[in-house]
$ cat my_file_13.cif   # mmCIF, N, CA and C atoms
data_start
loop_
_atom_site.label_atom_id
_atom_site.label_comp_id
_atom_site.auth_asym_id
_atom_site.auth_seq_id
_atom_site.Cartn_x
_atom_site.Cartn_y
_atom_site.Cartn_z
N MET A 71 9.87 -1.33 12.73
CA MET A 71 9.98 -0.56 11.51
C MET A 71 9.42 -1.38 10.35
N GLY A 72 8.62 -0.78 9.53
CA GLY A 72 8.01 -1.47 8.41
C GLY A 72 8.89 -1.44 7.18
N PRO A 73 8.44 -2.08 6.11
CA PRO A 73 9.21 -2.09 4.88
C PRO A 73 9.25 -0.71 4.24
N ASP A 74 10.22 -0.51 3.36
CA ASP A 74 10.30 0.73 2.61
C ASP A 74 9.28 0.65 1.48
N LEU A 75 8.25 1.48 1.55
CA LEU A 75 7.15 1.41 0.60
C LEU A 75 7.13 2.63 -0.31
N LEU A 76 6.75 2.41 -1.55
CA LEU A 76 6.52 3.51 -2.48
C LEU A 76 5.02 3.71 -2.58
N PHE A 77 4.56 4.92 -2.41
CA PHE A 77 3.14 5.19 -2.36
C PHE A 77 2.61 5.66 -3.71
N SER A 78 2.72 4.82 -4.71
CA SER A 78 2.06 5.03 -6.00
C SER A 78 2.36 6.39 -6.61
N SER A 79 3.55 6.92 -6.34
CA SER A 79 4.01 8.21 -6.86
C SER A 79 3.04 9.36 -6.58
N GLN A 80 2.23 9.23 -5.54
CA GLN A 80 1.32 10.30 -5.13
C GLN A 80 1.83 10.88 -3.82
N SER A 81 1.66 12.18 -3.64
CA SER A 81 2.03 12.77 -2.36
C SER A 81 1.04 12.34 -1.29
N SER A 82 1.46 12.37 -0.05
CA SER A 82 0.57 11.94 1.03
C SER A 82 -0.66 12.82 1.13
N SER A 83 -0.56 14.10 0.81
CA SER A 83 -1.76 14.95 0.86
C SER A 83 -2.76 14.53 -0.21
N LEU A 84 -2.26 14.15 -1.38
CA LEU A 84 -3.15 13.66 -2.43
C LEU A 84 -3.74 12.32 -2.02
N LEU A 85 -2.94 11.46 -1.40
CA LEU A 85 -3.43 10.15 -0.96
C LEU A 85 -4.55 10.31 0.06
N THR A 86 -4.47 11.31 0.91
CA THR A 86 -5.52 11.56 1.89
C THR A 86 -6.86 11.80 1.19
N GLU A 87 -6.83 12.40 0.02
CA GLU A 87 -8.05 12.68 -0.72
C GLU A 87 -8.56 11.48 -1.52
N THR A 88 -7.81 10.38 -1.55
CA THR A 88 -8.19 9.24 -2.38
C THR A 88 -8.78 8.09 -1.57
N LEU A 89 -9.27 8.36 -0.37
CA LEU A 89 -9.89 7.30 0.41
C LEU A 89 -10.99 6.65 -0.40
N GLN A 90 -11.08 5.35 -0.31
CA GLN A 90 -12.04 4.54 -1.06
C GLN A 90 -11.70 4.46 -2.54
N ARG A 91 -10.46 4.74 -2.90
CA ARG A 91 -9.99 4.59 -4.28
C ARG A 91 -8.90 3.54 -4.31
N LYS A 92 -8.74 2.89 -5.43
CA LYS A 92 -7.70 1.87 -5.58
C LYS A 92 -6.34 2.53 -5.79
N ILE A 93 -5.35 2.06 -5.03
CA ILE A 93 -3.98 2.54 -5.17
C ILE A 93 -3.06 1.33 -5.23
N TYR A 94 -1.81 1.59 -5.57
CA TYR A 94 -0.77 0.58 -5.61
C TYR A 94 0.34 0.98 -4.65
N LEU A 95 0.72 0.06 -3.76
CA LEU A 95 1.85 0.26 -2.86
C LEU A 95 2.90 -0.78 -3.24
N THR A 96 4.15 -0.36 -3.35
CA THR A 96 5.21 -1.27 -3.74
C THR A 96 6.23 -1.40 -2.63
N ASP A 97 6.56 -2.64 -2.30
CA ASP A 97 7.61 -2.97 -1.33
C ASP A 97 8.77 -3.54 -2.15
N LEU A 98 9.72 -2.67 -2.49
CA LEU A 98 10.84 -3.08 -3.33
C LEU A 98 11.73 -4.12 -2.64
N GLU A 99 11.89 -3.99 -1.33
CA GLU A 99 12.74 -4.91 -0.58
C GLU A 99 12.24 -6.35 -0.67
N ARG A 100 10.93 -6.53 -0.65
CA ARG A 100 10.33 -7.87 -0.69
C ARG A 100 9.78 -8.25 -2.06
N ASN A 101 9.87 -7.33 -3.03
CA ASN A 101 9.46 -7.59 -4.40
C ASN A 101 7.96 -7.82 -4.54
N PHE A 102 7.15 -7.02 -3.81
CA PHE A 102 5.70 -7.12 -3.88
C PHE A 102 5.09 -5.78 -4.28
N THR A 103 3.96 -5.86 -4.98
CA THR A 103 3.09 -4.72 -5.19
C THR A 103 1.71 -5.09 -4.68
N PHE A 104 1.10 -4.18 -3.92
CA PHE A 104 -0.21 -4.39 -3.33
C PHE A 104 -1.19 -3.42 -3.98
N ALA A 105 -2.26 -3.94 -4.57
CA ALA A 105 -3.29 -3.11 -5.19
C ALA A 105 -4.56 -3.27 -4.38
N GLY A 106 -5.05 -2.17 -3.82
CA GLY A 106 -6.25 -2.27 -3.00
C GLY A 106 -6.93 -0.93 -2.82
N ILE A 107 -8.06 -0.98 -2.15
CA ILE A 107 -8.86 0.21 -1.88
C ILE A 107 -8.45 0.79 -0.54
N VAL A 108 -8.18 2.08 -0.51
CA VAL A 108 -7.76 2.75 0.72
C VAL A 108 -8.94 2.83 1.68
N GLU A 109 -8.78 2.18 2.83
CA GLU A 109 -9.79 2.29 3.89
C GLU A 109 -9.44 3.45 4.82
N SER A 110 -8.15 3.59 5.13
CA SER A 110 -7.72 4.69 5.99
C SER A 110 -6.27 5.05 5.67
N PHE A 111 -5.96 6.31 5.95
CA PHE A 111 -4.61 6.84 5.76
C PHE A 111 -4.36 7.86 6.85
N GLU A 112 -3.19 7.74 7.50
CA GLU A 112 -2.84 8.69 8.55
C GLU A 112 -1.34 8.96 8.47
N GLU A 113 -0.98 10.23 8.59
CA GLU A 113 0.42 10.62 8.64
C GLU A 113 0.61 11.56 9.82
N LYS A 114 1.50 11.17 10.73
CA LYS A 114 1.81 11.99 11.90
C LYS A 114 3.31 11.96 12.13
N LYS A 115 3.91 13.13 12.18
CA LYS A 115 5.33 13.27 12.50
C LYS A 115 6.20 12.34 11.64
N GLY A 116 5.89 12.26 10.36
CA GLY A 116 6.69 11.45 9.44
C GLY A 116 6.37 9.97 9.44
N LYS A 117 5.44 9.53 10.28
CA LYS A 117 5.03 8.13 10.33
C LYS A 117 3.74 7.98 9.53
N ILE A 118 3.70 6.96 8.68
CA ILE A 118 2.55 6.75 7.81
C ILE A 118 1.90 5.41 8.13
N ASN A 119 0.58 5.41 8.21
CA ASN A 119 -0.21 4.20 8.44
C ASN A 119 -1.30 4.15 7.36
N VAL A 120 -1.31 3.08 6.57
CA VAL A 120 -2.29 2.91 5.50
C VAL A 120 -2.96 1.55 5.66
N SER A 121 -4.27 1.52 5.55
CA SER A 121 -5.04 0.27 5.55
C SER A 121 -5.70 0.12 4.18
N LEU A 122 -5.50 -1.06 3.57
CA LEU A 122 -6.10 -1.36 2.28
C LEU A 122 -7.09 -2.51 2.41
N LEU A 123 -8.15 -2.44 1.61
CA LEU A 123 -9.15 -3.51 1.53
C LEU A 123 -9.12 -4.12 0.14
N ASP A 124 -9.61 -5.36 0.04
CA ASP A 124 -9.76 -6.03 -1.25
C ASP A 124 -8.44 -5.98 -2.02
N VAL A 125 -7.40 -6.57 -1.44
CA VAL A 125 -6.03 -6.40 -1.92
C VAL A 125 -5.57 -7.57 -2.78
N GLN A 126 -5.08 -7.24 -3.97
CA GLN A 126 -4.42 -8.23 -4.82
C GLN A 126 -2.92 -8.00 -4.68
N VAL A 127 -2.17 -9.07 -4.43
CA VAL A 127 -0.73 -8.97 -4.25
C VAL A 127 -0.05 -9.51 -5.51
N TYR A 128 0.91 -8.73 -6.02
CA TYR A 128 1.64 -9.09 -7.23
C TYR A 128 3.14 -9.18 -6.94
N GLU A 129 3.84 -9.98 -7.71
CA GLU A 129 5.29 -9.95 -7.69
C GLU A 129 5.69 -8.68 -8.44
N TYR A 130 6.46 -7.83 -7.82
CA TYR A 130 6.80 -6.54 -8.42
C TYR A 130 7.56 -6.70 -9.74
N SER A 131 8.59 -7.56 -9.74
CA SER A 131 9.47 -7.65 -10.91
C SER A 131 8.78 -8.20 -12.15
N SER A 132 7.77 -9.05 -11.99
CA SER A 132 7.12 -9.66 -13.14
C SER A 132 5.66 -9.21 -13.32
N SER A 133 5.10 -8.59 -12.31
CA SER A 133 3.68 -8.20 -12.26
C SER A 133 2.73 -9.39 -12.23
N ASN A 134 3.25 -10.58 -11.94
CA ASN A 134 2.40 -11.77 -11.83
C ASN A 134 1.57 -11.71 -10.56
N PRO A 135 0.26 -11.97 -10.65
CA PRO A 135 -0.57 -12.02 -9.44
C PRO A 135 -0.17 -13.21 -8.57
N LEU A 136 -0.10 -12.98 -7.26
CA LEU A 136 0.31 -14.04 -6.33
C LEU A 136 -0.84 -14.53 -5.46
N TYR A 137 -1.52 -13.61 -4.79
CA TYR A 137 -2.62 -14.01 -3.91
C TYR A 137 -3.48 -12.79 -3.56
N TYR A 138 -4.59 -13.07 -2.91
CA TYR A 138 -5.58 -12.06 -2.51
C TYR A 138 -5.61 -11.98 -0.99
N LEU A 139 -5.78 -10.78 -0.47
CA LEU A 139 -5.99 -10.55 0.97
C LEU A 139 -7.22 -9.66 1.15
N PRO A 140 -8.09 -9.97 2.09
CA PRO A 140 -9.25 -9.11 2.32
C PRO A 140 -8.84 -7.75 2.90
N MET A 141 -7.71 -7.71 3.65
CA MET A 141 -7.28 -6.46 4.28
C MET A 141 -5.80 -6.56 4.64
N ILE A 142 -5.09 -5.43 4.58
CA ILE A 142 -3.70 -5.37 5.03
C ILE A 142 -3.41 -3.96 5.53
N ASN A 143 -2.52 -3.86 6.51
CA ASN A 143 -2.09 -2.57 7.06
C ASN A 143 -0.60 -2.37 6.78
N PHE A 144 -0.22 -1.14 6.49
CA PHE A 144 1.18 -0.79 6.26
C PHE A 144 1.57 0.33 7.21
N PHE A 145 2.80 0.22 7.70
CA PHE A 145 3.36 1.25 8.57
C PHE A 145 4.72 1.64 8.03
N LYS A 146 4.98 2.91 7.92
CA LYS A 146 6.29 3.39 7.50
C LYS A 146 6.73 4.47 8.46
N THR A 147 7.96 4.32 8.96
CA THR A 147 8.50 5.31 9.91
C THR A 147 9.64 6.05 9.29
#
$ encode --input "my_file_13.cif" --output "structure tokens"
Amino acid sequence: MGPDLLFSSQSSSLLTETLQRKIYLTDLERNFTFAGIVESFEEKKGKINVSLLDVQVYEYSSSNPLYYLPMINFFKT
């Protein structure tokens, strides 16, 4: 099971239309925000899989930049 993620206050149907656009995903449990370009998005039977490219990771509570990742995948069940 993956972390509890907030999907930038967009519905998953809207997110499907934003491929190749920058979005923000927040992991409140770990205090991170991930800003990156959507490479892929899939939702099946309530399970969500998102891949981001060119990702900047921030501390959620302070918005301080922490590090860069070329790619990251998220899974939510």
$ resolve_selection --input "my_file_13.cif" --expression "the PyMOL selection byres (((chain A and resi 106 and name CA) around 6) and name CA)" --output "number ranges by chain"
A: 92-93, 105, 107, 122-125
$ atom_distance --input "my_file_13.cif" --atom1 "atom C of A:Pro140" --atom2 "atom CA of A:Glu109"
10.1 Å
$ resolve_selection --input "my_file_13.cif" --expression "the PyMOL selection byres (((chain A and resi 114 and name CA) around 12) and name CA)" --output "VMD selection string"
chain A and resid 82 to 83 111 to 113 115 to 120 145 to 147
